[in-house]
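For reference, coords_14.cif (mmCIF, C-alpha atoms and all ligand atoms):
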data_coords
#
loop_
_atom_site.label_atom_id
_atom_site.label_comp_id
_atom_site.auth_asym_id
_atom_site.auth_seq_id
_atom_site.Cartn_x
_atom_site.Cartn_y
_atom_site.Cartn_z
CA MET Y 294 80.81 84.84 66.24
CA LEU Y 295 81.58 83.46 69.69
CA GLU Y 296 84.24 81.03 68.55
CA GLY Y 297 86.86 80.37 71.15
CA VAL Y 298 84.82 81.72 74.04
CA GLY Y 299 84.51 78.29 75.59
CA VAL Y 300 88.23 77.64 75.61
CA THR Y 301 89.45 81.00 76.84
CA THR Y 302 87.22 80.89 79.88
CA SER Y 303 88.78 77.77 81.32
CA ARG Y 304 92.11 79.51 81.85
CA PRO Y 305 93.03 80.44 85.40
CA PHE Y 306 93.32 84.14 86.28
CA GLY Y 307 97.00 84.58 85.68
CA ALA Y 308 97.14 82.59 82.45
CA VAL Y 309 95.20 85.13 80.44
CA ALA Y 310 97.62 87.45 78.71
CA GLU Y 311 97.25 91.20 78.57
CA ASN Y 312 95.80 90.74 75.13
CA GLY Y 313 93.14 93.43 75.14
CA GLY Y 314 90.50 90.82 74.29
CA SER Y 315 90.42 89.38 77.77
CA MET Y 316 86.90 90.55 78.68
CA TYR Y 317 85.84 86.93 78.27
CA ALA Y 318 87.66 86.04 81.46
CA ALA Y 319 85.47 88.39 83.48
CA GLY Y 320 83.47 85.32 84.50
CA SER Y 321 86.42 84.08 86.54
CA LEU Y 322 86.88 87.41 88.28
CA PHE Y 323 83.16 87.44 89.03
CA GLN Y 324 83.46 84.20 91.04
CA LEU Y 325 85.47 86.08 93.68
CA LEU Y 326 82.70 88.61 94.11
CA ARG Y 327 79.96 86.01 94.49
CA ASP Y 328 80.68 85.86 98.24
CA GLY Y 329 79.02 89.28 98.48
CA ARG Y 330 82.04 91.07 99.97
CA PRO Y 331 82.69 94.44 98.29
CA ARG Y 332 86.18 94.96 96.86
CA THR Y 333 88.08 97.79 95.20
CA ARG Y 334 89.86 97.36 91.88
CA ALA Y 335 93.15 97.37 93.79
CA GLU Y 336 91.95 94.58 96.07
CA LEU Y 337 90.80 92.54 93.08
CA ALA Y 338 94.17 93.05 91.41
CA ALA Y 339 95.98 91.94 94.57
CA GLU Y 340 93.76 88.90 94.98
CA THR Y 341 94.06 87.70 91.38
CA GLY Y 342 97.55 88.84 90.43
CA LEU Y 343 96.06 90.56 87.39
CA ALA Y 344 97.23 93.98 86.21
CA ARG Y 345 95.08 96.94 87.30
CA SER Y 346 94.23 97.72 83.69
CA THR Y 347 92.95 94.17 83.14
CA VAL Y 348 90.90 94.28 86.32
CA THR Y 349 89.40 97.62 85.27
CA GLN Y 350 88.41 96.20 81.90
CA ARG Y 351 86.75 93.13 83.43
CA VAL Y 352 85.02 95.12 86.17
CA ASP Y 353 83.62 97.42 83.47
CA SER Y 354 82.15 94.50 81.53
CA LEU Y 355 80.65 93.05 84.72
CA LEU Y 356 79.19 96.47 85.61
CA ALA Y 357 77.65 96.66 82.13
CA SER Y 358 76.02 93.26 82.66
CA ASN Y 359 74.64 94.52 86.00
CA LEU Y 360 75.97 91.36 87.72
CA ILE Y 361 78.02 93.63 89.96
CA GLY Y 362 77.37 97.16 91.10
CA PRO Y 363 79.13 99.87 93.05
CA ALA Y 364 78.97 99.23 96.80
CA ASP Y 365 79.79 101.65 99.61
CA LYS Y 366 82.96 103.73 99.32
CA ALA Y 367 86.08 102.16 100.78
CA ALA Y 368 87.82 103.77 103.73
CA SER Y 369 89.78 106.73 102.44
CA THR Y 370 93.49 107.17 102.87
CA GLY Y 371 93.19 110.78 101.78
CA GLY Y 372 91.74 112.09 98.57
CA ARG Y 373 88.78 110.60 96.77
CA PRO Y 374 87.89 107.17 98.21
CA PRO Y 375 88.13 104.29 95.71
CA THR Y 376 84.88 102.67 94.63
CA ARG Y 377 84.15 99.19 95.85
CA PHE Y 378 82.16 96.69 93.82
CA ALA Y 379 79.91 93.89 94.97
CA PHE Y 380 77.78 91.10 93.58
CA ASN Y 381 74.30 92.36 92.67
CA PRO Y 382 71.83 89.59 93.59
CA ASN Y 383 69.01 91.48 91.88
CA ALA Y 384 70.68 91.48 88.46
CA ARG Y 385 68.57 88.51 87.39
CA PHE Y 386 66.08 86.19 89.03
CA VAL Y 387 65.36 82.45 89.06
CA LEU Y 388 62.20 80.36 88.90
CA ALA Y 389 62.43 77.35 91.22
CA ALA Y 390 59.93 74.49 91.31
CA ASP Y 391 59.64 71.58 93.72
CA ILE Y 392 57.16 68.98 92.53
CA GLY Y 393 56.12 66.31 95.04
CA ALA Y 394 53.76 63.38 94.67
CA THR Y 395 50.70 65.40 95.67
CA HIS Y 396 52.00 68.92 96.23
CA ALA Y 397 53.83 71.51 94.15
CA ARG Y 398 55.74 74.57 95.28
CA LEU Y 399 57.07 77.37 93.12
CA ALA Y 400 59.21 80.39 93.95
CA LEU Y 401 61.04 83.28 92.39
CA THR Y 402 64.39 83.94 94.00
CA ASP Y 403 67.14 86.47 93.53
CA LEU Y 404 70.69 85.34 92.76
CA ALA Y 405 71.42 84.89 96.47
CA CYS Y 406 68.50 82.41 96.72
CA GLU Y 407 66.34 84.83 98.69
CA VAL Y 408 62.69 84.08 97.94
CA LEU Y 409 60.94 87.04 96.25
CA ALA Y 410 57.53 85.43 95.79
CA GLU Y 411 56.12 81.95 96.09
CA ALA Y 412 53.08 79.81 95.44
CA ALA Y 413 51.99 76.31 96.36
CA ASP Y 414 49.16 74.06 95.30
CA GLU Y 415 47.80 70.55 95.70
CA LEU Y 416 48.77 68.88 92.45
CA LEU Y 417 48.99 65.19 91.55
CA VAL Y 418 52.22 64.38 89.75
CA ALA Y 419 50.46 61.21 88.54
CA ALA Y 420 48.17 63.42 86.43
CA GLY Y 421 51.04 63.55 83.91
CA PRO Y 422 53.50 66.13 82.60
CA GLU Y 423 51.08 68.40 80.69
CA PRO Y 424 48.81 69.48 83.59
CA VAL Y 425 51.71 69.73 86.05
CA LEU Y 426 54.06 71.68 83.78
CA SER Y 427 51.31 73.96 82.48
CA TRP Y 428 50.64 74.83 86.14
CA VAL Y 429 54.34 75.63 86.53
CA ASN Y 430 54.17 77.81 83.41
CA ALA Y 431 50.97 79.68 84.31
CA THR Y 432 51.88 80.15 87.98
CA GLY Y 433 55.47 81.10 87.11
CA GLN Y 434 54.30 83.80 84.69
CA LYS Y 435 51.92 85.12 87.37
CA LEU Y 436 54.73 85.33 89.94
CA ILE Y 437 56.96 87.17 87.46
CA ALA Y 438 54.19 89.70 86.84
CA LYS Y 439 53.52 89.98 90.58
CA VAL Y 440 57.08 91.01 91.42
CA GLY Y 441 57.15 93.31 88.39
CA ARG Y 442 60.28 91.85 86.81
CA ASP Y 443 61.15 91.87 83.13
CA PRO Y 444 60.79 88.24 81.89
CA ALA Y 445 64.06 88.79 79.98
CA ASP Y 446 65.86 88.92 83.35
CA LEU Y 447 64.95 85.31 84.10
CA LEU Y 448 68.31 83.55 84.55
CA GLY Y 449 66.82 80.06 84.37
CA VAL Y 450 64.28 77.56 85.66
CA GLY Y 451 65.14 74.77 88.10
CA ILE Y 452 62.74 71.94 88.85
CA GLY Y 453 62.83 68.91 91.12
CA LEU Y 454 60.68 65.87 90.36
CA PRO Y 455 59.78 62.96 92.66
CA GLY Y 456 61.48 60.26 90.59
CA PRO Y 457 64.72 59.32 88.81
CA VAL Y 458 65.90 61.98 86.34
CA GLU Y 459 68.71 61.79 83.81
CA HIS Y 460 70.20 65.18 84.63
CA SER Y 461 72.10 65.63 81.35
CA THR Y 462 68.91 65.39 79.26
CA GLY Y 463 66.43 66.65 81.85
CA ARG Y 464 64.18 63.63 81.30
CA PRO Y 465 62.61 61.38 83.93
CA VAL Y 466 63.55 57.71 83.55
CA SER Y 467 60.88 55.11 84.42
CA PRO Y 468 59.66 57.07 87.46
CA PRO Y 469 57.52 54.68 89.55
CA ILE Y 470 54.90 57.18 90.79
CA MET Y 471 54.83 59.39 87.67
CA PRO Y 472 52.82 57.70 84.89
CA GLY Y 473 53.21 59.45 81.54
CA TRP Y 474 56.49 61.15 82.48
CA ASP Y 475 58.94 58.49 81.29
CA GLY Y 476 61.31 60.15 78.80
CA PHE Y 477 59.27 63.38 78.70
CA ASP Y 478 61.37 66.38 77.65
CA VAL Y 479 60.77 68.47 80.78
CA GLN Y 480 63.79 70.65 80.04
CA GLY Y 481 62.67 71.42 76.47
CA TYR Y 482 59.10 72.13 77.57
CA LEU Y 483 60.19 74.69 80.16
CA GLU Y 484 62.86 76.28 77.96
CA ASP Y 485 60.25 76.82 75.21
CA ARG Y 486 57.78 78.42 77.63
CA PHE Y 487 60.21 80.63 79.55
CA GLY Y 488 62.91 81.35 76.98
CA ALA Y 489 65.65 80.58 79.51
CA VAL Y 490 67.77 77.59 80.45
CA ALA Y 491 65.95 74.88 82.43
CA LEU Y 492 67.56 72.26 84.65
CA VAL Y 493 65.82 69.17 86.00
CA ASP Y 494 66.79 66.86 88.85
CA ASN Y 495 65.14 64.55 91.33
CA ASP Y 496 63.61 66.08 94.43
CA VAL Y 497 66.13 64.61 96.88
CA ASN Y 498 69.13 66.01 95.01
CA ILE Y 499 67.69 69.51 95.03
CA MET Y 500 66.81 69.20 98.73
CA ALA Y 501 70.43 68.23 99.40
CA LEU Y 502 71.61 71.30 97.46
CA GLY Y 503 69.18 73.54 99.35
CA GLU Y 504 70.09 72.24 102.78
CA HIS Y 505 73.80 72.45 101.99
CA PHE Y 506 73.54 76.02 100.67
CA ALA Y 507 71.41 77.24 103.57
CA HIS Y 508 73.18 75.61 106.53
CA TRP Y 509 76.20 73.48 105.68
CA SER Y 510 78.27 75.39 103.16
CA ASN Y 511 81.27 74.79 105.44
CA ALA Y 512 80.75 71.01 105.30
CA PRO Y 513 82.05 69.80 101.93
CA HIS Y 514 80.98 66.19 102.53
CA MET Y 515 77.32 65.99 103.41
CA MET Y 516 74.61 63.41 102.99
CA PHE Y 517 70.95 64.41 102.92
CA VAL Y 518 68.37 61.69 103.56
CA LYS Y 519 64.73 62.25 102.73
CA VAL Y 520 62.37 60.07 104.74
CA ALA Y 521 58.78 60.53 103.63
CA THR Y 522 56.40 58.32 101.64
CA GLY Y 523 59.61 56.98 100.07
CA ILE Y 524 63.28 57.12 101.08
CA GLY Y 525 66.16 58.61 99.09
CA SER Y 526 69.38 60.52 99.59
CA GLY Y 527 71.50 63.20 97.96
CA LEU Y 528 75.28 63.32 98.29
CA ILE Y 529 77.36 66.49 98.46
CA SER Y 530 80.97 65.55 97.77
CA ASP Y 531 83.75 68.15 97.86
CA GLY Y 532 81.06 70.83 97.97
CA ARG Y 533 79.30 69.60 94.83
CA LEU Y 534 76.32 67.38 94.23
CA HIS Y 535 77.47 63.88 93.32
CA ARG Y 536 74.98 62.60 90.73
CA GLY Y 537 76.92 59.58 89.53
CA ALA Y 538 77.12 58.31 85.96
CA GLN Y 539 73.41 58.48 85.15
CA GLY Y 540 72.09 60.66 87.95
CA ALA Y 541 71.02 57.71 90.07
CA ALA Y 542 73.51 58.15 92.94
CA GLY Y 543 71.97 58.20 96.39
CA ASP Y 544 68.89 56.12 95.56
CA MET Y 545 69.17 54.25 98.85
CA GLY Y 546 65.50 53.37 99.27
CA HIS Y 547 65.90 50.16 97.34
CA LEU Y 548 68.94 48.78 99.11
CA GLN Y 549 68.06 45.51 100.78
CA LEU Y 550 67.74 45.01 104.51
CA PRO Y 551 68.60 41.44 105.48
CA HIS Y 552 65.75 41.15 107.98
CA GLY Y 553 63.09 42.52 105.62
CA THR Y 554 63.28 39.96 102.84
CA ASP Y 555 59.63 38.87 103.06
CA VAL Y 556 58.32 42.39 102.46
CA VAL Y 557 57.51 43.14 98.82
CA CYS Y 558 58.49 46.61 97.59
CA ARG Y 559 56.71 48.68 94.93
CA CYS Y 560 59.84 48.23 92.78
CA GLY Y 561 59.18 44.49 92.61
CA ASN Y 562 62.07 43.38 94.82
CA THR Y 563 61.72 42.25 98.42
CA GLY Y 564 63.26 43.65 101.56
CA CYS Y 565 63.96 47.16 100.26
CA LEU Y 566 64.64 49.77 102.96
CA GLU Y 567 61.73 51.83 101.64
CA ALA Y 568 59.32 48.89 101.96
CA VAL Y 569 60.27 48.52 105.62
CA ALA Y 570 61.06 51.99 107.00
CA SER Y 571 59.26 54.65 104.91
CA GLY Y 572 56.27 56.67 106.06
CA ALA Y 573 54.02 54.52 103.89
CA ALA Y 574 55.46 51.34 105.47
CA ILE Y 575 54.99 52.64 109.02
CA ALA Y 576 51.42 53.74 108.24
CA ALA Y 577 50.67 50.25 106.93
CA LYS Y 578 52.10 48.64 110.08
CA LEU Y 579 49.97 50.92 112.27
CA ALA Y 580 46.87 50.17 110.21
CA ALA Y 581 47.55 46.43 110.60
CA ARG Y 582 47.41 46.99 114.37
CA GLY Y 583 44.04 48.69 114.07
CA ILE Y 584 45.37 52.25 114.39
CA GLN Y 585 44.02 54.68 111.81
CA ALA Y 586 46.94 55.70 109.59
CA ALA Y 587 47.16 55.96 105.81
CA SER Y 588 50.08 58.29 105.13
CA SER Y 589 53.37 59.75 106.41
CA GLY Y 590 51.35 62.73 107.62
CA ASP Y 591 49.20 60.45 109.79
CA VAL Y 592 52.33 58.88 111.28
CA VAL Y 593 53.69 62.35 112.16
CA THR Y 594 50.37 63.35 113.73
CA LEU Y 595 50.24 60.17 115.82
CA ALA Y 596 53.87 60.56 116.94
CA ARG Y 597 53.33 64.18 117.95
CA GLY Y 598 50.28 63.07 119.90
CA GLY Y 599 52.47 60.63 121.83
CA ASN Y 600 51.14 57.39 120.32
CA ILE Y 601 53.54 54.79 121.73
CA GLU Y 602 53.30 52.38 118.81
CA ALA Y 603 54.00 55.13 116.27
CA LEU Y 604 57.02 56.25 118.32
CA GLN Y 605 58.34 52.69 118.59
CA LEU Y 606 57.93 52.12 114.86
CA LEU Y 607 59.68 55.41 114.10
CA ARG Y 608 62.59 54.41 116.32
CA GLN Y 609 62.84 51.06 114.54
CA ALA Y 610 62.61 52.76 111.12
CA GLY Y 611 65.51 54.96 112.24
CA ARG Y 612 67.54 51.85 113.11
CA ASP Y 613 66.74 50.28 109.72
CA ILE Y 614 67.79 53.47 107.91
CA GLY Y 615 70.88 53.51 110.15
CA GLU Y 616 71.91 50.07 108.91
CA VAL Y 617 72.04 51.32 105.33
CA LEU Y 618 73.64 54.62 106.39
CA ALA Y 619 76.37 52.81 108.34
CA ALA Y 620 77.47 51.26 105.04
CA ALA Y 621 77.22 54.65 103.32
CA VAL Y 622 79.34 56.25 106.05
CA SER Y 623 82.09 53.69 105.45
CA LEU Y 624 82.01 54.24 101.69
CA PHE Y 625 81.55 58.00 101.62
CA ASN Y 626 82.80 59.39 104.97
CA PRO Y 627 80.49 62.42 105.29
CA SER Y 628 80.91 64.89 108.15
CA VAL Y 629 77.18 65.59 108.33
CA ILE Y 630 74.10 63.47 107.71
CA VAL Y 631 70.94 65.58 107.52
CA ILE Y 632 67.65 63.76 107.96
CA GLY Y 633 64.80 65.55 106.17
CA GLY Y 634 61.45 64.76 104.61
CA SER Y 635 58.07 64.76 106.32
CA LEU Y 636 58.88 61.92 108.74
CA SER Y 637 61.80 63.86 110.21
CA GLN Y 638 59.20 66.29 111.56
CA ALA Y 639 57.85 63.59 113.89
CA GLY Y 640 60.39 64.35 116.61
CA GLU Y 641 63.65 62.83 117.78
CA HIS Y 642 62.72 59.15 117.71
CA LEU Y 643 63.61 58.56 114.06
CA ILE Y 644 66.98 60.30 114.33
CA ALA Y 645 67.71 58.60 117.66
CA GLY Y 646 67.31 55.25 115.90
CA VAL Y 647 69.61 56.34 113.07
CA ARG Y 648 72.30 57.52 115.51
CA GLU Y 649 72.04 54.34 117.59
CA ILE Y 650 73.02 52.12 114.66
CA VAL Y 651 75.38 54.40 112.70
CA TYR Y 652 77.61 55.17 115.69
CA ARG Y 653 77.67 51.49 116.70
CA ARG Y 654 78.30 50.03 113.24
CA SER Y 655 80.68 52.49 111.60
CA LEU Y 656 84.41 52.63 112.29
CA PRO Y 657 85.59 55.20 114.87
CA LEU Y 658 87.57 57.29 112.39
CA ALA Y 659 84.47 57.79 110.22
CA THR Y 660 82.23 58.76 113.14
CA GLN Y 661 84.51 60.73 115.46
CA ASP Y 662 83.30 64.05 114.03
CA LEU Y 663 80.14 62.82 112.28
CA ARG Y 664 76.99 64.80 113.04
CA ILE Y 665 73.52 63.39 112.40
CA VAL Y 666 70.95 66.18 112.51
CA GLN Y 667 67.44 67.11 111.51
CA SER Y 668 66.85 69.28 108.43
CA SER Y 669 66.60 73.00 109.21
CA THR Y 670 65.18 74.22 105.91
CA GLY Y 671 62.01 72.13 106.24
CA ASP Y 672 59.71 72.31 103.24
CA ARG Y 673 61.76 75.08 101.58
CA ALA Y 674 64.83 72.87 100.97
CA GLY Y 675 63.56 71.89 97.51
CA ILE Y 676 62.95 75.36 96.09
CA ILE Y 677 66.17 76.74 97.54
CA GLY Y 678 68.05 73.82 96.02
CA ALA Y 679 66.37 74.23 92.63
CA ALA Y 680 67.50 77.87 92.64
CA VAL Y 681 71.04 76.87 93.69
CA MET Y 682 71.17 74.37 90.81
CA VAL Y 683 70.32 77.08 88.26
CA ILE Y 684 72.56 79.75 89.78
CA ASP Y 685 75.60 77.47 90.04
CA HIS Y 686 75.16 76.50 86.41
CA ALA Y 687 74.31 79.89 84.95
CA LEU Y 688 76.82 81.95 86.94
CA ALA Y 689 79.76 79.62 86.26
CA PRO Y 690 82.70 81.45 84.61
CA ALA Y 691 82.00 80.27 81.06
CA GLN Y 692 78.30 81.14 81.27
CA VAL Y 693 79.00 84.60 82.65
CA ASP Y 694 81.46 85.22 79.82
CA LEU Y 695 78.77 84.20 77.32
CA MET Y 696 76.24 86.47 79.03
CA ILE Y 697 78.64 89.40 78.76
CA ALA Y 698 79.59 88.59 75.17
CA ALA Y 699 76.04 87.95 73.92
CA PRO Y 700 74.86 91.54 73.39
CA ALA Y 701 77.93 92.32 71.27
CA GLY Y 702 77.89 89.03 69.41
CA THR Y 703 74.23 88.85 68.45
ZN ZN Y 801 62.35 48.56 96.22
#
Would you write out, as structure tokens, the structure that this file holds?
Ligand SMILES: [Zn+2]
Amino acid sequence: MLEGVGVTTSRPFGAVAENGGSMYAAGSLFQLLRDGRPRTRAELAAETGLARSTVTQRVDSLLASNLIGPADKAASTGGRPPTRFAFNPNARFVLAADIGATHARLALTDLACEVLAEAADELLVAAGPEPVLSWVNATGQKLIAKVGRDPADLLGVGIGLPGPVEHSTGRPVSPPIMPGWDGFDVQGYLEDRFGAVALVDNDVNIMALGEHFAHWSNAPHMMFVKVATGIGSGLISDGRLHRGAQGAAGDMGHLQLPHGTDVVCRCGNTGCLEAVASGAAIAAKLAARGIQAASSGDVVTLARGGNIEALQLLRQAGRDIGEVLAAAVSLFNPSVIVIGGSLSQAGEHLIAGVREIVYRRSLPLATQDLRIVQSSTGDRAGIIGAAVMVIDHALAPAQVDLMIAAPAGT
């Protein structure tokens, strides 16, 4: 019934003929309106080069889908003012989940990533997929009931997991701190429960998406580094998340530091950045000096309390991370490096160490406009990013065309 839908949608605006059946290209027109700015039919025609009649047809199909709605009336030049149309962020909603090692966070958002309701709980990812995902299911259903939305309006489910994920299949691959999750069909599980598309990625990638969406949408080349119990990064390249061939891009925690080669990492290698500079590594170094510290959280508490040894170790961890980032800057040339994760909350010492090495080691052209900053989204980066992941997928032109065509075709 929907034959040919996939191919017609990839045409640019002007390439679609006045063929009367061009409602499928409404998804492309919709992309213009996603910036939230209201436009009249005439403005849309001018912007796309499409005939007024074609614009009218596509606007009508978008209005029927509720993805756009009438906005305020445009300034009148005499006579009846023309109607303006704008993106309707409340047309659907998204369920976003951020699963950490010991903590889970869940939120419903609208299509502009505004949080409508949220929940959080202490939850051990090591307990396995069934208890964790059944919590996501039960809590998600409760949130949907709480905001009073029709479950049929759920656009999709996005979830971040604290381990490597093959994005195309939505399955974790040998995740070190997630026993029982290897190869588990997380995507299938969630799609069965919620009856909507589900997308899965690792936690650092979704944090990168969230931070980029919330604060750096004008910076197409951004690197997000999570420094917590472990260390990882997410790369935004040309405005899009760069996952690499298998989804493993940015896994910088296991790059080797030359001066750390006697330190054994949980991955089995020696000298990994994570084994030397993570929150867990700093806590272990403090404990070895007789200072009570068992976790990243303890390191942050000590640093905020002015503990000199914690501050010195954070500065050195920043330098170690900077050594790896200096190489990344040469390869990737970002304009912004955002340092996030729990350890970034310990103050400026970590970032000062990163800056010290990156600006010294990288070539001037790569660093002349490079900014190295602390994350601004804090612990909401993950859920915002999980929502962004779903929205970017489900509101892409081809998907919108399917959404519009579905009622007629089924
Ligand atoms: Zn390692």
Q: Output the neighbourhood of ligand ZN 801 (chain Y) as a PyMOL selection string, that is, all protein and nucleic acid residues with some atom at most 8 Å from the ligand, counting all atoms listed in the file.
A: chain Y and resi 546-549+557-568
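All protein and nucleic acid residues in the vicinity of (77.0, 94.7, 80.3), that is within 7 Å when counting only C-alpha atoms, are Ser354, Leu355, Leu356, Ala357, Ser358, Asn359 and Ile697 of chain Y.
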Limited to C-alpha atoms, could you put the picked residues into a file as a CSV table (one decimal), in the frame of the given file?
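Output below, filename part_19.csv:
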chain,number,residue,atom,x,y,z
Y,354,SER,CA,82.2,94.5,81.5
Y,355,LEU,CA,80.6,93.0,84.7
Y,356,LEU,CA,79.2,96.5,85.6
Y,357,ALA,CA,77.6,96.7,82.1
Y,358,SER,CA,76.0,93.3,82.7
Y,359,ASN,CA,74.6,94.5,86.0
Y,697,ILE,CA,78.6,89.4,78.8
Review point. Between Y:Ala691, Y:Ala621, Y:Ile677, Y:Leu322, which has the minimum distance to Asn498 (chain Y) (counting only C-alpha atoms)?
Key: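 Result for the nearest residue to Asn498 (chain Y): Y:Ile677.
By chain and then residue number, the residues within 6 Å of Gly449 (chain Y) are Val387, Ala489, Val490 and Ala491 of chain Y, counting all atoms listed in the file and disregarding those fewer than 3 positions away in sequence.
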Generate a file of the selected residues that holds C-alpha atoms, formatted as a PDB file, keeping the file's coordinate frame.
ATOM      1  CA  VAL Y 387      65.360  82.450  89.060  1.00  0.00           C
ATOM      2  CA  ALA Y 489      65.650  80.580  79.510  1.00  0.00           C
ATOM      3  CA  VAL Y 490      67.770  77.590  80.450  1.00  0.00           C
ATOM      4  CA  ALA Y 491      65.950  74.880  82.430  1.00  0.00           C
TER       5      ALA Y 491
END
Between Y:Leu658, Y:Ala400, Y:Val651, Y:Met500, which has the minimum distance to Gln434 (chain Y) (counting only C-alpha atoms)?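 Smallest distance to Gln434 (chain Y) is found for Y:Ala400.
Between CA of Asn495 (chain Y) and CA of Val629 (chain Y) there is a distance of 20.9 Å.
Here CA of Gly640 (chain Y) is placed at a distance of 7.2 Å from CA of Arg597 (chain Y).
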CA of Gly481 (chain Y) to CA of Gly463 (chain Y) measures 8.1 Å
Pick out the closest residue to Leu326 (chain Y) from this set: Y:Thr341, Y:Gln585, Y:Thr395, Y:Gln350. Count only C-alpha atoms.
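Once distances to Leu326 (chain Y) are computed over only C-alpha atoms, the minimum belongs to Y:Thr341.
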Arg612 (chain Y) surroundings by all atoms listed in the file, 8 Å radius, close-in-sequence under 6 positions cut, as a PDB file with C-alpha atoms, in the coordinates of the input:
ATOM      1  CA  LEU Y 643      63.610  58.560 114.060  1.00  0.00           C
ATOM      2  CA  GLY Y 646      67.310  55.250 115.900  1.00  0.00           C
ATOM      3  CA  VAL Y 647      69.610  56.340 113.070  1.00  0.00           C
ATOM      4  CA  ARG Y 648      72.300  57.520 115.510  1.00  0.00           C
ATOM      5  CA  GLU Y 649      72.040  54.340 117.590  1.00  0.00           C
ATOM      6  CA  ILE Y 650      73.020  52.120 114.660  1.00  0.00           C
TER       7      ILE Y 650
END
*asked:* Just checking: using all atoms listed in the file, which residue out of Y:Arg582, Y:Arg608, Y:Arg327, Y:Arg654 ends up closest to Ala639 (chain Y)?
replied: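 Checking each candidate against Ala639 (chain Y), we get Y:Arg608 as the closest.
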Among Y:Pro513, Y:Pro422, Y:Gly537, Y:Gly342, Pro468 (chain Y) is approached most closely, using only C-alpha atoms, by Y:Pro422
Report task. Would you mind telling me which residue in Y:Gly590, Y:Ala645, Y:Ala344, Y:Ala674 lies nearest to His505 (chain Y) when using all atoms listed in the file? Result ->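 Counting all atoms listed in the file, the residue closest to His505 (chain Y) is Y:Ala674.
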With a distance cut-off of 9 Å and all atoms listed in the file, select the neighbouring residues of Ile524 (chain Y), excluding the residue or stretch itself and same-chain residues fewer than 4 positions from it, and output the selection as a VMD selection string. chain Y and resid 518 to 520 544 to 547 566 to 567 570 to 572 614 634
Selection: 9 Å around Val466 (chain Y), all atoms listed in the file, excl. self and same-chain fewer than 5 positions, as number ranges by chain: Y: 456-459, 474-477
task: Name the residues in contact with Gly329 (chain Y) at a cut-off of 12 Å, using all atoms listed in the file, excluding same-chain residues fewer than 2 positions from it; report them as a PyMOL selection string.
output: chain Y and resi 323-327+331-332+360-364+377-382+404-405
Inset, instruction - Would you be able to write out as a PyMOL selection string which residues have an atom within 10 Å of (47.6, 54.9, 104.4) in the file's coordinates, counting all atoms listed in the file? - result: chain Y and resi 522+572-580+585-592
